[in-house]
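Asker: I am sharing start-v4.tsv, which consists of TSV, C-alpha atoms and all ligand atoms:
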```tsv
chain	number	residue	atom	x	y	z
H	117	MET	CA	-36.49	23.59	19.49
H	118	LYS	CA	-38.70	24.17	16.46
H	119	ILE	CA	-42.49	24.47	16.40
H	120	GLU	CA	-44.39	23.64	13.24
H	121	VAL	CA	-48.14	24.10	12.74
H	122	ALA	CA	-49.92	21.72	10.34
H	123	LYS	CA	-50.49	23.34	6.94
H	124	ARG	CA	-54.25	23.09	7.26
H	125	ALA	CA	-55.50	23.24	10.86
H	126	GLY	CA	-58.33	24.96	12.70
H	127	PHE	CA	-61.67	26.35	11.55
H	128	CYS	CA	-63.15	24.75	8.44
H	129	PHE	CA	-65.54	26.44	6.04
H	130	GLY	CA	-68.73	25.10	7.67
H	131	VAL	CA	-67.73	26.02	11.21
H	132	LYS	CA	-66.50	29.47	10.16
H	133	ARG	CA	-69.83	30.11	8.46
H	134	ALA	CA	-71.91	28.97	11.48
H	135	VAL	CA	-69.86	30.98	13.98
H	136	LYS	CA	-69.94	34.09	11.76
H	137	LEU	CA	-73.73	33.78	11.48
H	138	ALA	CA	-74.05	33.52	15.27
H	139	TYR	CA	-71.88	36.60	15.96
H	140	GLU	CA	-73.59	38.64	13.23
H	141	THR	CA	-77.07	37.70	14.44
H	142	ALA	CA	-76.17	38.50	18.06
H	143	ALA	CA	-74.74	41.88	17.05
H	144	LYS	CA	-77.72	43.07	15.06
H	145	SER	CA	-80.69	41.41	16.74
H	146	LYS	CA	-82.90	42.94	19.42
H	147	GLN	CA	-84.57	39.58	20.06
H	148	ALA	CA	-83.04	36.76	22.14
H	149	VAL	CA	-80.64	34.57	20.13
H	150	CYS	CA	-80.27	30.86	20.88
H	151	THR	CA	-78.57	27.82	19.41
H	152	LEU	CA	-79.94	24.31	19.57
H	153	GLY	CA	-77.03	22.62	21.35
H	154	PRO	CA	-73.59	24.26	21.31
H	155	ILE	CA	-73.03	25.90	17.91
H	156	ILE	CA	-69.68	24.09	17.58
H	157	HIS	CA	-67.78	21.66	19.77
H	158	ASN	CA	-65.49	24.26	21.25
H	159	PRO	CA	-66.28	25.42	24.82
H	160	GLN	CA	-64.21	28.64	24.50
H	161	VAL	CA	-66.17	29.87	21.45
H	162	VAL	CA	-69.49	28.88	23.04
H	163	LYS	CA	-68.55	30.83	26.19
H	164	ASP	CA	-67.55	33.89	24.19
H	165	LEU	CA	-70.84	33.78	22.31
H	166	GLU	CA	-72.66	33.59	25.65
H	167	GLY	CA	-71.06	36.94	26.45
H	168	TRP	CA	-72.75	38.27	23.31
H	169	GLY	CA	-76.08	36.98	24.60
H	170	VAL	CA	-76.23	33.76	22.54
H	171	LYS	CA	-77.82	31.13	24.77
H	172	VAL	CA	-77.45	27.37	24.29
H	173	ILE	CA	-80.71	25.40	24.53
H	174	GLU	CA	-80.23	21.66	24.68
H	175	LYS	CA	-83.76	20.40	24.14
H	176	PRO	CA	-86.10	21.45	21.29
H	177	SER	CA	-89.05	21.36	23.77
H	178	ARG	CA	-87.39	24.15	25.78
H	179	VAL	CA	-87.07	26.50	22.80
H	180	LYS	CA	-89.23	29.59	23.31
H	181	LYS	CA	-89.71	32.80	21.32
H	182	CYS	CA	-86.28	33.71	19.91
H	183	ILE	CA	-84.03	33.63	16.88
H	184	LEU	CA	-82.83	30.04	16.80
H	185	ILE	CA	-79.63	29.07	15.02
H	186	ILE	CA	-79.35	25.48	13.81
H	187	ARG	CA	-75.70	24.46	14.16
H	188	SER	CA	-73.39	23.16	11.44
H	189	HIS	CA	-74.16	19.51	12.39
H	190	GLY	CA	-77.76	19.91	11.22
H	191	VAL	CA	-80.85	18.62	12.95
H	192	HIS	CA	-83.24	15.66	12.68
H	193	PRO	CA	-86.00	16.49	10.12
H	194	LYS	CA	-88.76	15.79	12.67
H	195	VAL	CA	-87.22	18.23	15.13
H	196	LEU	CA	-86.95	20.85	12.39
H	197	GLN	CA	-90.61	20.32	11.56
H	198	GLN	CA	-91.61	20.76	15.24
H	199	LEU	CA	-89.53	23.90	15.53
H	200	LYS	CA	-90.98	25.41	12.37
H	201	ALA	CA	-94.47	24.93	13.83
H	202	LYS	CA	-93.61	26.97	16.95
H	203	LYS	CA	-94.96	30.51	17.06
H	204	GLY	CA	-92.62	33.46	17.47
H	205	LEU	CA	-89.59	31.49	16.40
H	206	SER	CA	-87.28	32.61	13.59
H	207	ILE	CA	-84.92	29.92	12.41
H	208	ILE	CA	-81.50	30.52	10.90
H	209	ASP	CA	-80.16	27.32	9.43
H	210	ALA	CA	-76.36	27.14	9.73
H	211	THR	CA	-76.18	23.47	8.72
H	212	CYS	CA	-72.94	23.03	6.78
H	213	PRO	CA	-73.64	22.49	3.05
H	214	PHE	CA	-71.50	19.33	3.18
H	215	VAL	CA	-73.67	17.97	5.98
H	216	THR	CA	-76.77	18.81	3.90
H	217	LYS	CA	-75.15	16.86	1.05
H	218	ALA	CA	-74.73	13.85	3.37
H	219	GLN	CA	-78.38	14.17	4.48
H	220	ASN	CA	-79.48	14.19	0.82
H	221	ALA	CA	-77.29	11.14	0.15
H	222	ALA	CA	-78.96	9.30	3.05
H	223	ALA	CA	-82.44	10.15	1.70
H	224	CYS	CA	-81.41	9.07	-1.81
H	225	LEU	CA	-80.14	5.65	-0.59
H	226	ARG	CA	-83.31	5.20	1.49
H	227	ASP	CA	-85.45	6.00	-1.57
H	228	GLU	CA	-83.58	3.33	-3.55
H	229	GLY	CA	-85.09	0.88	-1.05
H	230	ARG	CA	-81.77	0.12	0.60
H	231	GLN	CA	-81.03	-0.28	4.26
H	232	VAL	CA	-78.82	2.70	5.04
H	233	ILE	CA	-75.68	2.10	7.11
H	234	ILE	CA	-74.11	5.24	8.58
H	235	ILE	CA	-70.50	4.77	9.63
H	236	GLY	CA	-69.89	7.03	12.61
H	237	GLU	CA	-70.65	7.75	16.23
H	238	LYS	CA	-74.20	6.98	17.33
H	239	GLU	CA	-74.42	9.84	19.82
H	240	HIS	CA	-72.91	12.52	17.59
H	241	PRO	CA	-75.49	15.23	16.70
H	242	GLU	CA	-74.65	15.03	12.99
H	243	VAL	CA	-75.27	11.26	12.99
H	244	ILE	CA	-78.50	11.62	14.99
H	245	ALA	CA	-79.73	14.11	12.36
H	246	LEU	CA	-78.50	11.93	9.45
H	247	LYS	CA	-80.45	8.98	10.80
H	248	GLY	CA	-83.62	11.01	10.40
H	249	TYR	CA	-83.01	11.07	6.62
H	250	ALA	CA	-81.81	7.49	6.36
H	251	GLY	CA	-85.05	5.67	7.11
H	252	ARG	CA	-86.36	3.57	9.99
H	253	ASP	CA	-84.25	0.49	9.31
H	254	SER	CA	-81.01	2.48	9.11
H	255	VAL	CA	-78.15	1.45	11.37
H	256	VAL	CA	-75.14	3.31	12.78
H	257	PHE	CA	-71.98	1.26	12.43
H	258	ASN	CA	-68.96	1.89	14.62
H	259	HIS	CA	-66.83	-1.27	14.52
H	260	ASN	CA	-69.64	-3.24	16.19
H	261	ALA	CA	-70.97	-6.51	14.81
H	262	ILE	CA	-74.25	-5.85	12.96
H	263	LYS	CA	-76.77	-7.74	10.87
H	264	VAL	CA	-77.51	-6.10	7.54
H	265	GLY	CA	-80.09	-6.64	4.82
H	266	PRO	CA	-79.29	-7.93	1.31
H	267	ARG	CA	-79.22	-4.40	-0.28
H	268	ILE	CA	-77.45	-1.69	1.61
H	269	GLY	CA	-76.50	1.94	1.11
H	270	VAL	CA	-73.40	3.15	2.93
H	271	LEU	CA	-72.28	6.63	3.90
H	272	ALA	CA	-70.12	8.20	6.60
H	273	GLN	CA	-70.20	10.86	9.27
H	274	THR	CA	-68.48	13.79	7.51
H	275	THR	CA	-65.57	13.82	9.98
H	276	LEU	CA	-64.78	10.09	9.90
H	277	SER	CA	-61.17	9.10	9.19
H	278	THR	CA	-60.54	7.52	5.79
H	279	ASP	CA	-58.91	4.53	7.53
H	280	ASP	CA	-62.03	3.85	9.59
H	281	PHE	CA	-64.16	4.20	6.47
H	282	VAL	CA	-62.08	1.62	4.57
H	283	LYS	CA	-62.11	-0.80	7.54
H	284	ALA	CA	-65.88	-0.50	7.86
H	285	LEU	CA	-66.34	-1.09	4.12
H	286	MET	CA	-64.27	-4.27	4.28
H	287	TYR	CA	-66.49	-5.55	7.08
H	288	LEU	CA	-69.72	-4.60	5.29
H	289	GLY	CA	-68.41	-6.08	2.03
H	290	SER	CA	-68.19	-9.44	3.78
H	291	LYS	CA	-71.92	-9.23	4.57
H	292	THR	CA	-73.42	-8.46	1.15
H	293	ASN	CA	-72.43	-7.83	-2.47
H	294	ASP	CA	-75.14	-5.30	-3.18
H	295	ILE	CA	-73.74	-2.04	-1.80
H	296	HIS	CA	-74.31	1.49	-3.04
H	297	LEU	CA	-71.57	3.53	-1.44
H	298	ILE	CA	-71.53	7.33	-1.19
H	299	ASN	CA	-68.39	8.81	0.30
H	300	THR	CA	-69.61	11.70	2.44
H	301	ILE	CA	-66.35	12.36	4.29
H	302	CYS	CA	-65.76	16.06	3.98
H	303	ARG	CA	-62.59	17.27	2.23
H	304	ALA	CA	-61.81	19.70	5.07
H	305	THR	CA	-61.58	16.68	7.37
H	306	GLN	CA	-59.45	14.67	4.94
H	307	VAL	CA	-56.86	17.42	4.38
H	308	ARG	CA	-56.59	18.13	8.11
H	309	GLN	CA	-56.00	14.43	8.75
H	310	GLN	CA	-53.41	14.12	5.95
H	311	ASP	CA	-51.47	17.22	7.06
H	312	THR	CA	-51.56	16.11	10.69
H	313	MET	CA	-50.26	12.64	9.83
H	314	GLN	CA	-47.39	14.04	7.76
H	315	LEU	CA	-46.43	16.42	10.55
H	316	ALA	CA	-46.78	13.78	13.28
H	317	LYS	CA	-44.39	11.44	11.46
H	318	ARG	CA	-41.67	14.17	11.43
H	319	SER	CA	-42.28	15.55	14.93
H	320	ASP	CA	-41.04	14.41	18.33
H	321	LEU	CA	-44.34	15.24	19.96
H	322	MET	CA	-47.73	16.54	18.92
H	323	ILE	CA	-49.98	19.13	20.52
H	324	VAL	CA	-53.59	18.87	19.33
H	325	VAL	CA	-55.70	21.94	20.09
H	326	GLY	CA	-59.48	21.86	20.35
H	327	GLY	CA	-62.56	20.94	22.35
H	328	ARG	CA	-62.49	17.57	24.08
H	329	ASN	CA	-66.07	17.16	22.90
H	330	SER	CA	-64.99	17.66	19.29
H	331	ALA	CA	-65.04	14.36	17.40
H	332	ASN	CA	-62.71	15.51	14.63
H	333	THR	CA	-60.17	16.99	17.09
H	334	SER	CA	-60.12	13.81	19.20
H	335	ARG	CA	-59.66	11.82	15.99
H	336	LEU	CA	-56.58	13.87	15.07
H	337	ALA	CA	-55.10	13.13	18.52
H	338	GLU	CA	-55.91	9.44	18.10
H	339	MET	CA	-54.16	9.38	14.69
H	340	CYS	CA	-51.01	11.02	16.12
H	341	ARG	CA	-50.90	8.43	18.90
H	342	LYS	CA	-51.30	5.65	16.33
H	343	VAL	CA	-48.05	6.72	14.64
H	344	GLY	CA	-46.40	6.34	18.04
H	345	LYS	CA	-45.85	9.99	18.91
H	346	PRO	CA	-46.43	11.41	22.40
H	347	THR	CA	-49.60	13.43	21.92
H	348	TYR	CA	-51.33	15.96	24.16
H	349	HIS	CA	-54.86	17.15	23.45
H	350	VAL	CA	-55.38	20.60	25.00
H	351	GLU	CA	-58.26	23.05	24.87
H	352	THR	CA	-56.23	26.14	25.81
H	353	GLU	CA	-52.62	27.23	26.31
H	354	ASP	CA	-53.06	27.05	30.11
H	355	GLU	CA	-53.00	23.25	29.97
H	356	LEU	CA	-49.48	23.09	28.49
H	357	LYS	CA	-46.75	21.70	30.79
H	358	ALA	CA	-43.05	22.56	30.49
H	359	LYS	CA	-41.95	18.95	31.13
H	360	TRP	CA	-43.61	17.78	27.89
H	361	PHE	CA	-41.06	19.71	25.83
H	362	SER	CA	-37.86	18.71	27.64
H	363	LYS	CA	-36.58	16.29	24.97
H	364	ALA	CA	-38.28	17.55	21.81
H	365	SER	CA	-36.46	19.08	18.83
H	366	LEU	CA	-39.56	19.48	16.69
H	367	VAL	CA	-43.01	20.06	18.20
H	368	GLY	CA	-45.95	19.63	15.83
H	369	VAL	CA	-49.15	21.58	16.45
H	370	THR	CA	-52.48	20.80	14.86
H	371	ALA	CA	-56.12	21.69	15.52
H	372	GLY	CA	-59.56	20.34	14.77
H	373	ALA	CA	-62.02	21.98	12.39
H	374	SER	CA	-63.83	23.61	15.33
H	375	THR	CA	-60.75	25.30	16.80
H	376	PRO	CA	-60.40	29.07	16.21
H	377	ASP	CA	-57.08	30.23	14.73
H	378	ALA	CA	-56.60	32.66	17.64
H	379	LEU	CA	-56.52	29.73	20.07
H	380	VAL	CA	-53.87	27.94	17.98
H	381	ARG	CA	-51.75	31.14	17.94
H	382	LYS	CA	-52.03	31.43	21.74
H	383	VAL	CA	-50.90	27.81	22.17
H	384	VAL	CA	-47.91	28.34	19.85
H	385	LYS	CA	-46.94	31.52	21.69
H	386	ARG	CA	-47.08	29.76	25.06
H	387	ILE	CA	-44.92	26.86	23.80
H	388	ARG	CA	-42.38	29.45	22.57
H	389	ASP	CA	-42.41	31.17	25.97
H	390	ILE	CA	-42.00	27.88	27.84
H	391	THR	CA	-39.09	26.72	25.69
H	392	ALA	CA	-37.38	30.13	25.68
H	393	LYS	CA	-37.47	30.12	29.49
H	394	LYS	CA	-36.07	26.58	29.56
H	395	GLU	CA	-33.23	27.44	27.14
H	396	LYS	CA	-32.33	30.50	29.24
H	397	GLN	CA	-32.17	28.37	32.41
H	398	GLU	CA	-29.94	25.83	30.64
H	399	LYS	CA	-27.55	28.59	29.53
H	400	VAL	CA	-27.29	29.87	33.11
H	401	ILE	CA	-26.52	26.36	34.37
H	402	LYS	CA	-23.79	25.92	31.69
H	403	VAL	CA	-22.17	29.28	32.59
H	404	GLN	CA	-22.24	28.35	36.29
H	405	LYS	CA	-20.54	25.02	35.52
H	406	VAL	CA	-17.78	26.74	33.52
H	407	GLN	CA	-17.15	29.20	36.37
H	501	LIG	S1	-65.84	19.47	8.87
H	501	LIG	FE1	-66.66	19.59	6.80
H	501	LIG	S2	-68.78	18.95	7.02
H	501	LIG	FE2	-68.08	19.47	9.05
H	501	LIG	S3	-68.62	21.62	9.30
H	501	LIG	FE3	-66.52	21.57	8.52
H	501	LIG	S4	-66.72	21.77	6.30
H	501	LIG	FE4	-68.73	21.18	7.11
```
How would this structure read if it were set down as structure tokens?
Ligand code: SF4

Answerer:
Amino acid sequence: MKIEVAKRAGFCFGVKRAVKLAYETAAKSKQAVCTLGPIIHNPQVVKDLEGWGVKVIEKPSRVKKCILIIRSHGVHPKVLQQLKAKKGLSIIDATCPFVTKAQNAAACLRDEGRQVIIIGEKEHPEVIALKGYAGRDSVVFNHNAIKVGPRIGVLAQTTLSTDDFVKALMYLGSKTNDIHLINTICRATQVRQQDTMQLAKRSDLMIVVGGRNSANTSRLAEMCRKVGKPTYHVETEDELKAKWFSKASLVGVTAGASTPDALVRKVVKRIRDITAKKEKQEKVIKVQKVQ
């Protein structure tokens, strides 16, 4: 049995940068270090950072005197304003530059006097923050029926799949002719999706590694299932089951942009161990039959 890892899988530039900032700050700071919400959607990394003293604070109102790291998803401008007004708080902004670009695009469309439509998940922190730049009449679209104004501006959550973006545009195009579209899907997301799709088509089964709370990881799993391949989304190697690999010749492994490379390596190693054990058992059975 062969194992192949997608060409581009795991940590993207923005996540790498945010995580590096968190570890560096924790290592050199004497003050308490906190993040507003989990720094990335990967429970294993968040837990490891906790060991370094980096605390997750969910609500801005609970933030006290500390060094506060804004995660790669960014934050609503009003929240940022409130935080900046707090005494004794140092803010390190780890918002991914591509997310900042999407926020600027939202503000630009709003300033053109358009109703801004954000294609993405309403509850995702990046989308919540984006909405703060998109104006009061902005709407989050996620395959739901919506009413739109005559002039709209359209952009996407950075981790949206290109397919979903195209589908949403077809729907919105049926509502109005006056659309200013800005494609804010991040390239790191696109290449991970393309590589995963190519690998999924060749493989007998797919293992997708990453946080279950990670939108881009779940999307990769969804895409693999759509091409009809048995797909298992795991957070760590301990979730792997030997029976999954019984009939596979080629196992594809991919990972979301918030999955550390070390975790992917551990998963690959465990699959190797599982299959090596299975092959050894099969050899023993064959020898016994011959005898
Ligand atoms: S997926 Fe793209 S936008 Fe999101 S953090 Fe990574 S590089 Fe930035």

Asker: Considering only C-alpha atoms, return as a short mmCIF file (atom, residue, chain, number, x, y, z; two decimals) with C-alpha atoms, in the frame of the given file whatever protein or nucleic-acid residues lie within 10 Å of H:Tyr287, sequence-local ones (same chain, fewer than 3 positions apart) excluded.

Answerer:
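Dumped to out21.cif:
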```cif
data_model
loop_
_atom_site.label_atom_id
_atom_site.label_comp_id
_atom_site.auth_asym_id
_atom_site.auth_seq_id
_atom_site.Cartn_x
_atom_site.Cartn_y
_atom_site.Cartn_z
CA HIS H 259 -66.83 -1.27 14.52
CA ASN H 260 -69.64 -3.24 16.19
CA ALA H 261 -70.97 -6.51 14.81
CA ILE H 262 -74.25 -5.85 12.96
CA VAL H 282 -62.08 1.62 4.57
CA LYS H 283 -62.11 -0.80 7.54
CA ALA H 284 -65.88 -0.50 7.86
CA SER H 290 -68.19 -9.44 3.78
CA LYS H 291 -71.92 -9.23 4.57
CA THR H 292 -73.42 -8.46 1.15
#
```

Asker: Suppose you want the space between atom CA of H:Val255 and atom CA of H:Val191; what is it in Å?

Answerer: 17.5 Å

Asker: Rounded to one decimal in Å, what is the spacing between atom CA of H:Ala378 and atom CA of H:Val135?

Answerer: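 Atom CA of H:Val135 lies at a distance of 13.9 Å from atom CA of H:Ala378.
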
Asker: Which residue out of H:Glu166, H:Asp253, H:Asp320, H:Glu242 has the minimum interatomic distance to ligand LIG 501 (chain H) when all atoms listed in the file are used?

Answerer: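 Looking only at the distances to ligand LIG 501 (chain H), the closest residue turns out to be H:Glu242.
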
Asker: Using all atoms listed in the file, find each residue in chain H having at least one atom no more than 6 Å away from ligand LIG 501 (chain H); report its shortest atom-to-atom pair and that distance in Å (one decimal), rows by chain then rising number, as a Markdown table.

Answerer:
```
| residue | atom | partner | partner_atom | distance |
| --- | --- | --- | --- | --- |
| H:Cys128 | CA | H:LIG501 | FE3 | 4.6 |
| H:Phe129 | CA | H:LIG501 | S4 | 4.8 |
| H:Gly130 | CA | H:LIG501 | S3 | 3.8 |
| H:Val131 | CA | H:LIG501 | S3 | 4.9 |
| H:Ser188 | CA | H:LIG501 | S3 | 5.5 |
| H:Cys212 | CA | H:LIG501 | FE4 | 4.6 |
| H:Phe214 | CA | H:LIG501 | S2 | 4.7 |
| H:Val215 | CA | H:LIG501 | S2 | 5.1 |
| H:Thr274 | CA | H:LIG501 | S2 | 5.2 |
| H:Thr275 | CA | H:LIG501 | S1 | 5.8 |
| H:Cys302 | CA | H:LIG501 | FE1 | 4.6 |
| H:Ala304 | CA | H:LIG501 | FE1 | 5.2 |
| H:Thr305 | CA | H:LIG501 | S1 | 5.3 |
| H:Ala373 | CA | H:LIG501 | S1 | 5.8 |
```
